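data11.csv follows (CSV, C-alpha atoms):
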```
chain,number,residue,atom,x,y,z
A,873,MET,CA,-15.5,6.1,22.3
A,874,LYS,CA,-12.4,7.6,20.9
A,875,LEU,CA,-10.4,4.6,19.5
A,876,CYS,CA,-7.0,6.1,19.0
A,877,SER,CA,-4.7,8.1,21.3
A,878,ASP,CA,-4.0,11.8,20.8
A,879,SER,CA,-1.3,11.8,23.5
A,880,ASN,CA,2.4,12.7,22.8
A,881,ILE,CA,3.8,9.7,21.0
A,882,ASN,CA,7.1,10.2,22.9
A,883,HIS,CA,5.2,8.6,25.8
A,884,ALA,CA,4.3,5.5,23.8
A,885,THR,CA,5.2,2.0,24.7
A,886,ALA,CA,5.3,-1.1,22.4
A,887,HIS,CA,2.7,-3.8,23.1
A,888,ARG,CA,3.3,-7.3,21.7
A,889,VAL,CA,0.8,-10.1,21.3
A,890,ARG,CA,1.4,-13.7,20.1
A,891,LEU,CA,-1.3,-14.5,17.6
A,892,LYS,CA,-2.0,-17.5,15.4
A,893,ILE,CA,-3.3,-16.5,12.0
A,894,HIS,CA,-4.4,-19.3,9.6
A,895,GLN,CA,-2.2,-21.7,11.5
A,896,GLN,CA,0.8,-19.3,11.3
A,897,ASP,CA,2.4,-18.2,14.5
A,898,THR,CA,3.0,-14.5,14.5
A,899,ILE,CA,3.6,-11.5,16.8
A,900,VAL,CA,1.4,-8.5,16.4
A,901,VAL,CA,2.8,-5.2,17.6
A,902,ARG,CA,1.0,-1.9,18.3
A,903,PHE,CA,2.0,1.3,20.1
A,904,VAL,CA,-0.1,2.5,23.0
A,905,ASP,CA,-0.2,5.4,25.5
A,906,SER,CA,-0.2,5.2,29.3
A,907,HIS,CA,-3.9,4.4,29.2
A,908,GLN,CA,-3.4,1.5,26.7
A,909,ARG,CA,-5.0,3.5,23.9
A,910,PRO,CA,-3.4,2.7,20.6
A,911,PHE,CA,-1.8,5.2,18.2
A,912,SER,CA,-2.9,5.5,14.6
A,913,TRP,CA,-0.8,5.3,11.5
A,914,SER,CA,-1.0,9.1,11.3
A,915,ALA,CA,0.5,9.5,14.7
A,916,ILE,CA,3.2,6.9,14.0
A,917,ALA,CA,4.2,8.7,10.8
A,918,ARG,CA,4.4,12.0,12.5
A,919,GLY,CA,6.5,10.5,15.3
A,920,LEU,CA,8.9,8.8,12.9
A,921,SER,CA,9.4,11.9,10.9
A,922,SER,CA,9.9,14.3,13.8
A,923,GLN,CA,10.7,12.6,17.1
A,924,ALA,CA,14.1,10.9,17.6
A,925,ASP,CA,13.1,9.4,20.9
A,926,PHE,CA,10.1,7.6,19.2
A,927,ARG,CA,12.4,6.4,16.4
A,928,GLN,CA,14.6,4.9,19.0
A,929,LEU,CA,11.7,3.1,20.7
A,930,TRP,CA,10.4,2.0,17.2
A,931,ASN,CA,13.7,0.5,16.2
A,932,GLN,CA,14.3,-1.2,19.5
A,933,THR,CA,10.9,-2.8,19.3
A,934,TRP,CA,11.8,-4.7,16.1
A,935,ALA,CA,15.3,-5.4,17.3
A,936,ASP,CA,14.0,-7.2,20.4
A,937,ILE,CA,11.9,-9.7,18.4
A,938,PRO,CA,13.5,-13.1,19.1
A,939,PHE,CA,13.4,-14.3,15.5
A,940,ASP,CA,14.0,-13.0,12.0
A,941,PHE,CA,10.7,-11.9,10.3
A,942,LEU,CA,8.7,-10.4,7.5
A,943,TRP,CA,7.3,-7.0,8.6
A,944,GLN,CA,3.7,-6.5,7.5
A,945,PRO,CA,1.9,-3.4,9.0
A,946,ILE,CA,-1.7,-2.5,8.3
A,947,PRO,CA,-1.6,-0.5,5.0
A,948,ILE,CA,-2.0,3.3,4.9
A,949,HIS,CA,-5.5,4.2,3.7
A,950,SER,CA,-7.1,7.6,3.9
A,951,SER,CA,-10.3,6.3,5.6
A,952,PHE,CA,-8.4,4.6,8.4
A,953,THR,CA,-5.1,6.4,9.1
A,954,THR,CA,-6.4,8.8,11.7
A,955,THR,CA,-9.3,6.9,13.1
A,956,HIS,CA,-8.0,3.3,13.4
A,957,PRO,CA,-5.1,1.7,15.3
A,958,PHE,CA,-1.7,1.0,13.7
A,959,PHE,CA,-0.4,-2.5,14.1
A,960,ALA,CA,2.2,-4.6,12.4
A,961,VAL,CA,2.3,-8.4,11.9
A,962,LEU,CA,5.7,-10.1,12.3
A,963,ILE,CA,5.9,-13.4,10.5
A,964,PRO,CA,8.9,-15.7,11.2
A,965,SER,CA,11.1,-16.2,8.1
A,966,ASN,CA,14.6,-17.2,7.0
A,967,PHE,CA,16.7,-15.0,4.8
A,968,SER,CA,19.8,-15.5,2.6
A,969,PRO,CA,23.1,-13.9,3.7
A,970,ALA,CA,23.2,-10.1,3.2
A,971,ASN,CA,24.2,-9.0,-0.2
A,972,SER,CA,23.7,-5.4,-1.4
A,973,GLN,CA,25.1,-6.0,-5.0
A,974,ALA,CA,21.7,-5.6,-6.7
A,975,TYR,CA,21.4,-2.1,-5.2
A,976,GLN,CA,25.0,-0.8,-5.9
A,977,GLU,CA,23.8,1.4,-8.7
A,978,TYR,CA,21.9,3.5,-6.1
A,979,LEU,CA,24.2,3.0,-3.1
A,980,GLN,CA,27.2,4.3,-5.1
A,981,LYS,CA,25.4,7.6,-5.7
A,982,LEU,CA,25.2,8.4,-2.0
A,983,LYS,CA,27.2,11.3,-0.9
A,984,PRO,CA,29.5,10.9,2.2
A,985,HIS,CA,26.9,12.6,4.5
A,986,GLU,CA,23.9,10.6,3.1
A,987,GLN,CA,22.7,7.6,5.0
A,988,VAL,CA,19.8,6.3,3.0
A,989,THR,CA,18.5,6.3,-0.6
A,990,THR,CA,15.1,6.1,-2.1
A,991,PHE,CA,14.2,4.8,-5.6
A,992,SER,CA,11.5,3.0,-7.6
A,993,ASN,CA,11.7,-0.7,-8.2
A,994,LEU,CA,12.1,-2.0,-11.8
A,995,SER,CA,8.4,-2.5,-12.3
A,996,GLY,CA,7.6,1.0,-11.0
A,997,ASP,CA,4.9,-0.2,-8.6
A,998,ALA,CA,6.9,0.3,-5.4
A,999,LEU,CA,9.2,2.9,-3.8
A,1000,LEU,CA,12.2,1.4,-1.9
A,1001,VAL,CA,14.1,2.9,1.0
A,1002,ILE,CA,17.5,1.3,1.7
A,1003,PRO,CA,20.4,2.0,4.1
A,1004,LYS,CA,24.0,2.7,3.3
A,1005,ASP,CA,26.1,-0.4,2.9
A,1006,THR,CA,28.1,-0.2,6.2
A,1007,GLY,CA,27.3,-3.7,7.6
A,1008,SER,CA,25.5,-6.9,7.2
A,1009,TYR,CA,21.8,-5.8,6.9
A,1010,GLY,CA,20.1,-8.5,4.9
A,1011,HIS,CA,16.7,-7.9,6.4
A,1012,ILE,CA,14.8,-5.6,8.9
A,1013,ALA,CA,15.7,-7.6,12.0
A,1014,ALA,CA,19.4,-7.5,11.2
A,1015,PHE,CA,19.3,-3.8,10.5
A,1016,CYS,CA,17.5,-3.0,13.7
A,1017,ARG,CA,19.9,-5.0,15.8
A,1018,LEU,CA,23.2,-4.2,14.1
A,1019,ALA,CA,23.1,-0.9,12.3
A,1020,SER,CA,24.5,2.3,13.9
A,1021,ILE,CA,22.1,4.6,15.7
A,1022,ASP,CA,22.6,7.3,13.1
A,1023,LEU,CA,21.8,5.0,10.3
A,1024,GLN,CA,18.7,3.7,12.0
A,1025,GLN,CA,17.5,7.2,12.8
A,1026,ALA,CA,18.1,8.3,9.2
A,1027,LEU,CA,16.2,5.4,7.7
A,1028,TRP,CA,13.2,5.6,10.0
A,1029,LYS,CA,13.0,9.3,9.6
A,1030,ARG,CA,12.8,8.8,5.8
A,1031,VAL,CA,10.1,6.2,6.2
A,1032,GLY,CA,8.1,8.5,8.4
A,1033,GLU,CA,8.4,11.4,5.9
A,1034,ILE,CA,7.1,9.2,3.1
A,1035,ALA,CA,4.3,7.8,5.1
A,1036,HIS,CA,3.3,11.2,6.5
A,1037,LYS,CA,3.3,12.7,3.0
A,1038,THR,CA,1.1,9.9,1.7
A,1039,ILE,CA,-1.4,10.4,4.5
A,1040,GLU,CA,-1.4,14.2,4.0
A,1041,GLN,CA,-2.2,13.7,0.3
A,1042,GLY,CA,-5.0,11.2,1.1
A,1043,GLY,CA,-3.2,8.3,-0.6
A,1044,SER,CA,-3.1,4.6,-0.1
A,1045,ILE,CA,0.1,2.6,0.1
A,1046,TRP,CA,1.6,-0.4,1.9
A,1047,CYS,CA,4.8,0.1,3.9
A,1048,ASN,CA,6.3,-3.4,4.4
A,1049,THR,CA,9.3,-5.7,4.0
A,1050,HIS,CA,9.8,-8.8,2.0
A,1051,GLY,CA,13.5,-9.4,1.3
A,1052,HIS,CA,13.4,-12.8,-0.4
A,1053,GLY,CA,14.3,-11.4,-3.8
A,1054,VAL,CA,17.2,-9.1,-2.8
A,1055,PRO,CA,18.9,-10.0,0.5
A,1056,TRP,CA,19.4,-6.3,1.5
A,1057,MET,CA,17.3,-4.4,4.0
A,1058,HIS,CA,14.8,-2.4,2.1
A,1059,ILE,CA,11.5,-0.9,3.2
A,1060,ARG,CA,8.9,-1.2,0.5
A,1061,PHE,CA,6.1,1.3,-0.2
A,1062,ASP,CA,3.8,-0.8,-2.5
A,1063,LEU,CA,0.7,0.4,-4.4
A,1064,SER,CA,-0.8,-3.1,-3.9
A,1065,LEU,CA,-0.6,-5.9,-1.3
A,1066,LYS,CA,2.0,-7.6,-3.5
A,1067,TYR,CA,3.7,-9.8,-1.0
A,1068,LEU,CA,0.9,-10.1,1.6
A,1069,THR,CA,1.1,-13.6,3.0
A,1070,LEU,CA,-1.6,-14.0,5.6
A,1071,LEU,CA,-4.7,-12.6,3.9
A,1072,SER,CA,-6.2,-13.2,0.5
A,1073,ALA,CA,-6.2,-9.6,-0.6
A,1074,LYS,CA,-4.2,-7.7,-3.2
A,1075,SER,CA,-5.8,-4.2,-3.4
A,1076,ILE,CA,-5.8,-1.5,-0.7
A,1077,ASN,CA,-9.4,-0.4,-0.2
A,1078,ASN,CA,-12.1,-0.1,2.4
A,1079,GLN,CA,-13.0,-3.8,2.2
A,1080,THR,CA,-9.4,-5.1,2.5
A,1081,GLN,CA,-8.6,-2.7,5.3
A,1082,ALA,CA,-11.7,-4.0,7.2
A,1083,LEU,CA,-10.4,-7.6,6.6
A,1084,TRP,CA,-7.1,-6.7,8.3
A,1085,TYR,CA,-9.0,-5.5,11.4
A,1086,LYS,CA,-11.5,-8.4,11.4
A,1087,THR,CA,-8.9,-11.1,11.0
A,1088,ILE,CA,-6.0,-9.8,13.1
A,1089,TYR,CA,-7.2,-7.1,15.5
A,1090,PRO,CA,-10.1,-8.9,17.4
A,1091,VAL,CA,-7.5,-9.9,20.0
A,1092,TYR,CA,-7.7,-6.3,21.2
A,1093,ASN,CA,-11.4,-5.9,21.0
A,1094,GLU,CA,-12.4,-7.2,24.4
A,1095,PRO,CA,-13.1,-4.1,26.7
A,1096,ASN,CA,-11.3,-4.0,30.0
A,1097,THR,CA,-14.2,-4.4,32.4
A,1098,SER,CA,-12.4,-2.5,35.2
A,1099,THR,CA,-12.0,0.6,33.0
A,1100,PRO,CA,-14.7,1.0,30.3
A,1101,GLY,CA,-13.5,2.1,26.9
A,1102,LEU,CA,-9.9,0.8,27.3
A,1103,TYR,CA,-8.3,-2.3,26.0
A,1104,ARG,CA,-6.8,-5.2,27.8
A,1105,SER,CA,-3.0,-5.4,28.0
A,1106,GLN,CA,-2.4,-9.1,27.4
A,1107,THR,CA,1.1,-9.9,26.2
A,1108,ASP,CA,0.7,-13.6,25.5
A,1109,TYR,CA,-2.8,-13.9,24.2
A,1110,LEU,CA,-3.1,-16.6,21.6
A,1111,LEU,CA,-6.1,-16.5,19.4
A,1112,LYS,CA,-7.3,-20.0,18.5
```
Could you render the structure as structure tokens?
Amino acid sequence: MKLCSDSNINHATAHRVRLKIHQQDTIVVRFVDSHQRPFSWSAIARGLSSQADFRQLWNQTWADIPFDFLWQPIPIHSSFTTTHPFFAVLIPSNFSPANSQAYQEYLQKLKPHEQVTTFSNLSGDALLVIPKDTGSYGHIAAFCRLASIDLQQALWKRVGEIAHKTIEQGGSIWCNTHGHGVPWMHIRFDLSLKYLTLLSAKSINNQTQALWYKTIYPVYNEPNTSTPGLYRSQTDYLLK
């Protein structure tokens, strides 16, 4: 059975599942085609980097979540990015008021036509992508709800380009958000699972990737008995 979809990602829809992980209520999101087949990280990265319609769906998916959250997708790993489904875990969280002061050194270098900037963090173990300071974007949910469409498109295009390049080069990286250190929207590309909250893993490797799928993805692993090979579309399945 082919696990991931090879359909045009512009035909994707977002699929949300409520899931309790280690007593933590979360929402898990994946993107599926018209037959409920999930898209891989590779397909997601291509869609973000090249398809404005998909970027709009992607942004609206996070904007529609009814709480503020940490955004923790499955990491990018060369053994999984084309063969296994993409999914993201959304963990309810509270954030300080938006303040971009810590990133002014980088934001002030933006030219008038530039919308986002990319730079390494102080310890050099992560690449950060941040939007222009044009509103109150303290975290990913605020950005997806409040930023201009042009700014949203620019940021997600940059994220897709970085993810796609990493996949093409056979690399491993974790695209995620944290935001409890600096209250300004920034997408992190970490070399390790630095701020992972739900699983006891710090490295990105075959074993930890398998742990993500074993712990979080079983909610999807019940075949649809009416259509062999497909997955159930249950929007409020709670794993006990």
- [ ] Can you work out which one of A:Pro969, A:Pro957, A:Gly919, A:Pro964 has the shortest atom-to-atom distance to A:Phe939, counting all atoms listed in the file?
- [x]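 Of all the options, A:Pro964 lies closest to A:Phe939.
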TODO: Using only C-alpha atoms, find the one residue out of A:Leu994, A:Ile899, A:His883, A:His1011 that sits nearest to A:His1052.
DONE: A:His1011
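Using only C-alpha atoms, the nearest neighbour of A:Gln1081 within the list A:Tyr1009, A:Phe952, A:Trp943, A:Trp1028 is A:Phe952.
Going from atom CA of A:Gln1041 to atom CA of A:Thr954 covers 13.1 Å.
Across the structure, atom CA of A:Leu942 and atom CA of A:Arg890 are spaced 14.9 Å apart.
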Open item on the list: From (12.9, -12.4, 21.4), in the file's coordinates, out to 12 Å: which residues are reached, counting only C-alpha atoms? Answer as a VMD selection string.
Closed with: chain A and resid 888 890 899 932 to 941 962 964 1013 1017
- [ ] Would you be able to write out as JSON, numbers by chain which residues have an atom within 8 Å of (3.8, -0.7, -1.6) in the file's coordinates, counting all atoms listed in the file?
- [x] {"A": [997, 998, 999, 1045, 1046, 1047, 1048, 1060, 1061, 1062, 1063, 1064, 1065, 1066]}
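Across A:Asn882, A:Pro1055, A:His985, A:Thr1087, the tightest approach to A:Ser1072 is made by A:Thr1087 when counting all atoms listed in the file.
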TODO: Could you check how far atom CA of A:Ala1026 sits from atom CA of A:Asp925, in Å to one decimal?
DONE: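 If I compute the distance from atom CA of A:Ala1026 to atom CA of A:Asp925, I get 12.8 Å.
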TODO: Using all atoms listed in the file, find the one residue out of A:Ile1059, A:Ala960, A:Val1031, A:Val901 that sits nearest to A:Asn993.
DONE: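 Closest to A:Asn993, using all atoms listed in the file: A:Ile1059.
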Counting all atoms listed in the file, what is within 8 Å of A:Ala915, bar same-chain residues fewer than 2 positions away, as a CSV table (one decimal) with C-alpha atoms, in the coordinates of the input?
```
chain,number,residue,atom,x,y,z
A,878,ASP,CA,-4.0,11.8,20.8
A,881,ILE,CA,3.8,9.7,21.0
A,911,PHE,CA,-1.8,5.2,18.2
A,912,SER,CA,-2.9,5.5,14.6
A,913,TRP,CA,-0.8,5.3,11.5
A,917,ALA,CA,4.2,8.7,10.8
A,918,ARG,CA,4.4,12.0,12.5
A,919,GLY,CA,6.5,10.5,15.3
A,954,THR,CA,-6.4,8.8,11.7
```
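Closest approach to A:Glu1033 among A:Ile1076, A:Leu920, A:Leu979, A:Leu1070 is made by A:Leu920 (distances from only C-alpha atoms).
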- [ ] Find the residues around A:Trp1056 up to 12 Å (all atoms listed in the file counted), leave out those fewer than 4 positions away in its own chain, and share them as a VMD selection string.
- [x] chain A and resid 967 to 976 979 1000 to 1015 1049 to 1052 1060
Tell me which protein, DNA and RNA residues are within 9 Å of A:Gly1042, counting only C-alpha atoms, leaving out same-chain ones fewer than 2 positions away, and put them as a CSV table (one decimal) with C-alpha atoms, in the coordinates of the input.
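Full text of out12.csv as output:
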```csv
chain,number,residue,atom,x,y,z
A,949,HIS,CA,-5.5,4.2,3.7
A,950,SER,CA,-7.1,7.6,3.9
A,951,SER,CA,-10.3,6.3,5.6
A,1037,LYS,CA,3.3,12.7,3.0
A,1038,THR,CA,1.1,9.9,1.7
A,1039,ILE,CA,-1.4,10.4,4.5
A,1040,GLU,CA,-1.4,14.2,4.0
A,1044,SER,CA,-3.1,4.6,-0.1
```
